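J.: One structure, as structure tokens, below. Some questions next.
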Amino acid sequence: MLDIGPLARRVAMVAAALALVASGATPAHASDGSVFTGNRSGGAWFDDGLATETIYIHDYEPDGYGVRVKVWQYGSYYGTYDYTGGAGTGDDYYASFYEGEQVELQACSRDSVSGGVRVFNCGSKGVFYA
């Protein structure tokens with residue numbers, strides 16, 4: 001067998017990885033997708049990135065309410081992300097999950113009230129994989 005040397009092996013591995021990226025291949029379990037509030041006034045997009053996962057939150061309607069996205073990791077509550085920047089705008093939030101982990105998102109409307117936050121109008125949960 002011909003030994004091509006360590007440098008040539010590294011070059012070959014990088015070339016193979018670039019070919020996979022160029023072909024659009026993704027890990028077997030990775031998934032991206034959207035969830036919306038019950039009346040679709042806001043929503044979130046889960047993007048399984050190469051180094052980190054991004055949750056993009058967008059407020060669609062000038063209804064005076066923000067958007068809260070609830071997150072579960074393998075069925076356990078992970079936390080919330082709130083966006084209150086106004087209609088027609090959004091923001092992105094970074095999270096870190098292990099490859100293949102199940103992540104659930106649920107988008108809700110939110111309103112600041114005296115002493116706290118009222119969460120309502122929640123849409124269906126979406127299930128995605130990092």
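FYI, nothing fancy with the structure tokens labels: chains A, B, ... in order, residues from 1 per chain, ligands from 1 as they appear.
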List as an MDAnalysis selection string the protein and nucleic acid residues near Ala87 of chain A, meaning an atom at most 9 Å away when only C-alpha atoms are counted, but skip any in the same chain fewer than 2 places from it.

T.: chainID A and resid 41:42 58:66 84:85 89:90

J.: Put those residues in a file: N, CA and C atoms, as a PDB file, in the first residue's frame.

T.:
```pdb
ATOM      1  N   SER A  41     -48.885  35.640  15.120  1.00  0.00           N
ATOM      2  CA  SER A  41     -48.407  37.022  15.238  1.00  0.00           C
ATOM      3  C   SER A  41     -46.912  37.082  15.509  1.00  0.00           C
ATOM      4  N   GLY A  42     -46.324  35.956  15.820  1.00  0.00           N
ATOM      5  CA  GLY A  42     -44.889  35.873  16.076  1.00  0.00           C
ATOM      6  C   GLY A  42     -44.433  34.446  15.881  1.00  0.00           C
ATOM      7  N   HIS A  58     -39.038  36.299  15.718  1.00  0.00           N
ATOM      8  CA  HIS A  58     -39.553  37.409  14.913  1.00  0.00           C
ATOM      9  C   HIS A  58     -40.969  37.772  15.368  1.00  0.00           C
ATOM     10  N   ASP A  59     -41.224  39.070  15.458  1.00  0.00           N
ATOM     11  CA  ASP A  59     -42.543  39.602  15.803  1.00  0.00           C
ATOM     12  C   ASP A  59     -43.163  40.115  14.503  1.00  0.00           C
ATOM     13  N   TYR A  60     -44.292  39.537  14.096  1.00  0.00           N
ATOM     14  CA  TYR A  60     -44.890  39.866  12.800  1.00  0.00           C
ATOM     15  C   TYR A  60     -45.949  40.962  12.858  1.00  0.00           C
ATOM     16  N   GLU A  61     -46.644  41.102  13.987  1.00  0.00           N
ATOM     17  CA  GLU A  61     -47.815  41.980  14.049  1.00  0.00           C
ATOM     18  C   GLU A  61     -47.631  43.166  14.992  1.00  0.00           C
ATOM     19  N   PRO A  62     -48.154  44.335  14.620  1.00  0.00           N
ATOM     20  CA  PRO A  62     -48.114  45.512  15.508  1.00  0.00           C
ATOM     21  C   PRO A  62     -49.251  45.455  16.531  1.00  0.00           C
ATOM     22  N   ASP A  63     -49.252  44.413  17.362  1.00  0.00           N
ATOM     23  CA  ASP A  63     -50.342  44.204  18.314  1.00  0.00           C
ATOM     24  C   ASP A  63     -49.986  44.644  19.735  1.00  0.00           C
ATOM     25  N   GLY A  64     -48.766  45.169  19.927  1.00  0.00           N
ATOM     26  CA  GLY A  64     -48.358  45.615  21.256  1.00  0.00           C
ATOM     27  C   GLY A  64     -47.798  44.519  22.135  1.00  0.00           C
ATOM     28  N   TYR A  65     -47.722  43.286  21.629  1.00  0.00           N
ATOM     29  CA  TYR A  65     -47.195  42.164  22.409  1.00  0.00           C
ATOM     30  C   TYR A  65     -45.859  41.709  21.855  1.00  0.00           C
ATOM     31  N   GLY A  66     -45.045  41.145  22.719  1.00  0.00           N
ATOM     32  CA  GLY A  66     -43.784  40.555  22.302  1.00  0.00           C
ATOM     33  C   GLY A  66     -43.962  39.076  22.037  1.00  0.00           C
ATOM     34  N   THR A  84     -38.968  41.636  22.491  1.00  0.00           N
ATOM     35  CA  THR A  84     -39.941  42.717  22.645  1.00  0.00           C
ATOM     36  C   THR A  84     -39.562  43.943  21.827  1.00  0.00           C
ATOM     37  N   GLY A  85     -38.870  43.738  20.714  1.00  0.00           N
ATOM     38  CA  GLY A  85     -38.368  44.856  19.921  1.00  0.00           C
ATOM     39  C   GLY A  85     -39.365  45.517  18.996  1.00  0.00           C
ATOM     40  N   THR A  89     -39.720  43.184  13.332  1.00  0.00           N
ATOM     41  CA  THR A  89     -38.316  43.017  13.693  1.00  0.00           C
ATOM     42  C   THR A  89     -38.114  41.695  14.419  1.00  0.00           C
ATOM     43  N   GLY A  90     -36.874  41.363  14.650  1.00  0.00           N
ATOM     44  CA  GLY A  90     -36.556  40.134  15.354  1.00  0.00           C
ATOM     45  C   GLY A  90     -35.124  40.150  15.845  1.00  0.00           C
TER      46      GLY A  90
END
```

J.: Point out the residue among A:Ala107, A:Tyr74, A:Glu99, A:Asp48 with the least atom-to-atom distance to Val119 of chain A, counting only C-alpha atoms.

T.: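 Looking only at the distances to Val119 of chain A, the closest residue turns out to be A:Ala107.
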
J.: What's the 12 Å shell around Val127 of chain A, counting only C-alpha atoms, without same-chain residues fewer than 6 positions away, as an NGL selection string?

T.: :A and (29-35 or 45-46 or 71-75 or 100-106)

J.: For Asp92 of chain A, work out the shell of residues within 7 Å, counting only C-alpha atoms and skipping chain neighbours fewer than 2 positions away, then give it as JSON, numbers by chain.

T.: {"A": [54, 55, 56, 57, 94]}

J.: Nearest to Asn121 of chain A among A:Phe97, A:Tyr83, A:Phe36, A:Tyr77, with distances taken over only C-alpha atoms: which residue is it?

T.: A:Phe36

J.: Would you please work out which residue, of A:Gly38, A:Thr80, A:Ala95, A:Arg68, is nearest to Glu53 of chain A when using only C-alpha atoms?

T.: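 The answer is A:Ala95, which sits nearest to Glu53 of chain A.
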
J.: Compare A:Ser109, A:Asn39, A:Ser124, A:Ser114 by their minimum atom-to-atom distance to Tyr81 of chain A, counting only C-alpha atoms, and give me the closest one.

T.: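 For Tyr81 of chain A, the nearest of the candidates is A:Ser109.
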
J.: Using only C-alpha atoms, which of the listed residues (A:Asp111, A:Thr52, A:Lys70, A:Asp47) sits closest to Gly123 of chain A?

T.: A:Lys70

J.: Taking only C-alpha atoms into account, name the residue in A:Gly49, A:Gly126, A:Gly43, A:Gly115 that is nearest to Ser96 of chain A.

T.: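 Selected residue with least distance to Ser96 of chain A: A:Gly49.
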